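To start, the structure itself, in structure tokens.
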Amino acid sequence: MVSGTFSLYSYLLIISLHSYVSGADRSRRPRDRSRSPLAVDRYEPSGRQDYGRPRERERDRGDARRVSPGPVNIDRYVPGQDSGPPPITVNPLADPASLPFQVGFSYFGEWWRTNEKIKDERERARSGKRGEPLRPRDSQEDREKEKAKIQVAYDAYKEELQAKMARTFVSEHKNEQWFQERYFAEVREPLHAQLNEFRRGNYSQWEQDLESGTFDEYSLEGIPKSESNGAGGVIEKEEGETTAANEVLGVGDLVPSRGSDIRDENAFQPTLLIKTIAPHVSRQNLEAFCKENLGEDEGGFKWLSLSDPNPSKRYHRIGWVMLHPAPETVPIVDRPELKDEDGDIQITPPIPQSTAEKALEAVNGKVVKDEVRGDFTCHVGVHVPPSQPRKKALWDLFSAPERIEKDLELAQRLVQKYEEDFGSDFNAVMKIEEKVEELKLQGRLLPPVTAPIVKKTKKARDFLGLDEAMDEGEEIEEDDEEEEEEEGALDEEIDDEELLVKKKQLDLMVEYLRRVFNFCFFCVFESDSIHELTRKCPGGHLRRPRNTLSTSGKAAARASALGEPFPGKKRTGTDLTDDMESGGLSPEGERKFNRNNMASKAEQQLQRAFNWVKTFEEKLMQILEPDSVDVRKLGGRPTDEALREELVKYVKQEDEHKFRCRVPECQKLFKEEHFWKKHVDKRHPEWLEGLKRDVSPPAVAYDQD
């Protein structure tokens, strides 16, 4: 028993001593520092009191003791690296200047914006400066400034492109016959002399028609199709029925009024149509060919009219061979005898042959000889004029009184310009004024049939007499103020006598230019016959009824006549308040609805009309005042400047006082440049004249249309 107790006691003592020695040894050894984990999920108080939940607290403490694995990749900030999109180094849009055609404003704007971003990126890369963050173009002011910059760049691009295309066009076509007929003086002047003689016949016919009363009822006033009765008048409306004039939008939605649908008789004279003419065929050779095969007597050759070249058909032209009138002839043809069932011989009367058909047999399929440029085979048919040529409606701005007065002034100047240039003794302006004065004295100048009917008011009763008004059963109104207001509003839509006189003079001058000089006033297009003019402008133009003009339209017409800028609608505070109340604008003044609403579309159409009228006047001024036209805007260069630029290519400065002549087959040396210029004038006159002829045709020969 004692031994057993001792042994247990000894065992416990040995264990205690071993534990003491082991602890002392560990305290004497240095401790190794353990590396902290990459990421330790430490306990963060949640702000809640979890008293009374021992199991949940124990579980939370256990979770806090667990170590979560650290992330594989750590996103650290590295200086010099931007998190934005990569910079644009190449513009994805093609440079408009490198394209062979003119791009639109939207395309150019997108290219310009991208190009500006690329320039900014390159500038930042060169200077090493950190770029400012791009601000969105939210404000209207920023958008307007950017649009103005783009417009300036776009105008410069168009001017440069037109100049380049014009120079290319001239160099490619200057040796073709149609180009020389239009722009080379030695070819153009004899042709104009022939054309003047041909137009003398047109003038004689027009003068005869004017005196006989053919144009007494002629007018450019149009009637909406929906209101026309088919006989040049309007359908009688019921009481309270509105007019459809404001709905006239298409160019073909008008018909002429009574007495206005007259045709030029020259369009119905016998004529042959040459279906295609190659660019190398000259007018002189064609005329000689027609005179040789047709003669110049009755039924023979009278005049050759040629169209403008067609770019889509390799600049080929078509032609009209106008013939002298002649009676129809009956061809002598040996026909076999035909018998009916009874054995009787059937006699069929011969069909008369027209002048054009007879001439067709003489020229169709024959060859025009030209040893220099090559022969040409004529393919000819009988020309049939259109039976009902379409008349085009003008913009409603042309119906305003201010535009009537302005257009009358332009037409008078144009008539006098044509008569002076052709060296004729015509005096159409005086004859037209005399004729209109005669019609006014006869009381035949009446308002258009589309004008509102004038109600007899107090002024009318005073004029007619009170008794007469009462005899007619009219009720005498006592409210004179209301009556005068209605009368004033109605007077704005009614043409007075002075305006009727100006309209009649303008209409007769427009028709005079069309018949005598084959010139369309509103298209600003000249041709050498009624046939070519009819192909471009079939039936002329018609004015819209005056009541189609809105208030903004009247303001735009007045501005166009006075040479003022387009009177765009300026938004006032009242307009903004109204739009906000209707939901159109937000309190910040920005639009919440689609910009292409009815109001904006009407304003855009009015802007188009204003721009069209402005371009129309610019084209007329090119004819009336050619010296004041800036040919650079049209893609051309002044002749003197172009000649200097070309001459520089033929002289080489080899030393300070050595200028070598580089004219073909000449290598002479001169001390100064002015000595070389004198040498060229004296020794190379033919070469210099050829160079002047090459640069003299204006670059505006290029036609964008």
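In the structure tokens, the first chain shown is A, the next is B, and so on; residue numbers restart at 1 for each chain, and ligands run from 1 in the order shown.
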Report task. Would you kindly return, as a ChimeraX atom specification, each protein, DNA or RNA residue with an atom no farther than 7 Å from any atom of Arg660 of chain A, considering only C-alpha atoms and excluding same-chain residues fewer than 6 positions away? Result -> /A:651-654,667-670
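Atom to atom, atom CA of Glu405 of chain A and atom CA of Arg444 of chain A stand 20.6 Å apart.
Of the residues under consideration (A:Pro385, A:Pro270, A:Gly295, A:Gly443), A:Pro270 shows the shortest atom-to-atom contact distance to Glu357 of chain A when counting only C-alpha atoms.
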Residues near Asp308 of chain A, cut-off 10 Å, only C-alpha atoms, skip fewer than 6 positions along chain, as a PDB file with N, CA, C and O atoms, in the first residue's frame:
ATOM      1  N   TRP A 178     -19.126  71.542-127.774  1.00  0.00           N
ATOM      2  CA  TRP A 178     -20.141  72.258-127.008  1.00  0.00           C
ATOM      3  C   TRP A 178     -19.503  73.252-126.038  1.00  0.00           C
ATOM      4  O   TRP A 178     -20.058  74.332-125.781  1.00  0.00           O
ATOM      5  N   PHE A 179     -18.329  72.910-125.508  1.00  0.00           N
ATOM      6  CA  PHE A 179     -17.639  73.802-124.587  1.00  0.00           C
ATOM      7  C   PHE A 179     -17.132  75.043-125.318  1.00  0.00           C
ATOM      8  O   PHE A 179     -17.251  76.167-124.818  1.00  0.00           O
ATOM      9  N   ARG A 182     -19.781  77.612-126.141  1.00  0.00           N
ATOM     10  CA  ARG A 182     -20.296  78.385-125.018  1.00  0.00           C
ATOM     11  C   ARG A 182     -19.281  79.361-124.457  1.00  0.00           C
ATOM     12  O   ARG A 182     -19.661  80.465-124.005  1.00  0.00           O
ATOM     13  N   TYR A 315     -21.749  63.227-121.966  1.00  0.00           N
ATOM     14  CA  TYR A 315     -21.827  64.586-122.506  1.00  0.00           C
ATOM     15  C   TYR A 315     -22.305  64.604-123.960  1.00  0.00           C
ATOM     16  O   TYR A 315     -21.883  65.463-124.746  1.00  0.00           O
ATOM     17  N   HIS A 316     -23.175  63.693-124.294  1.00  0.00           N
ATOM     18  CA  HIS A 316     -23.841  63.738-125.588  1.00  0.00           C
ATOM     19  C   HIS A 316     -24.986  64.757-125.534  1.00  0.00           C
ATOM     20  O   HIS A 316     -25.525  65.057-124.466  1.00  0.00           O
ATOM     21  N   ARG A 317     -25.346  65.257-126.685  1.00  0.00           N
ATOM     22  CA  ARG A 317     -26.447  66.210-126.788  1.00  0.00           C
ATOM     23  C   ARG A 317     -27.542  65.659-127.688  1.00  0.00           C
ATOM     24  O   ARG A 317     -27.334  64.672-128.398  1.00  0.00           O
ATOM     25  N   ILE A 318     -28.699  66.294-127.632  1.00  0.00           N
ATOM     26  CA  ILE A 318     -29.753  66.036-128.605  1.00  0.00           C
ATOM     27  C   ILE A 318     -30.006  67.332-129.358  1.00  0.00           C
ATOM     28  O   ILE A 318     -29.655  68.419-128.888  1.00  0.00           O
ATOM     29  N   GLY A 319     -30.606  67.221-130.542  1.00  0.00           N
ATOM     30  CA  GLY A 319     -30.811  68.394-131.385  1.00  0.00           C
ATOM     31  C   GLY A 319     -32.180  68.409-132.026  1.00  0.00           C
ATOM     32  O   GLY A 319     -32.855  67.373-132.151  1.00  0.00           O
ATOM     33  N   SER A 527     -31.963  79.065-123.537  1.00  0.00           N
ATOM     34  CA  SER A 527     -31.747  78.069-124.573  1.00  0.00           C
ATOM     35  C   SER A 527     -31.834  78.755-125.929  1.00  0.00           C
ATOM     36  O   SER A 527     -32.118  79.947-126.021  1.00  0.00           O
ATOM     37  N   GLU A 532     -35.811  73.232-126.572  1.00  0.00           N
ATOM     38  CA  GLU A 532     -34.898  72.982-125.452  1.00  0.00           C
ATOM     39  C   GLU A 532     -35.451  73.595-124.168  1.00  0.00           C
ATOM     40  O   GLU A 532     -35.325  73.014-123.089  1.00  0.00           O
TER      41      GLU A 532
END
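Note that the spacing between atom CA of Glu419 of chain A and atom CA of Pro638 of chain A amounts to 27.1 Å.
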Report task. Could you check which of A:Ser399, A:Ser529, A:Ser282, A:Thr615 is closest to Arg558 of chain A, using only C-alpha atoms? Result -> A:Ser399
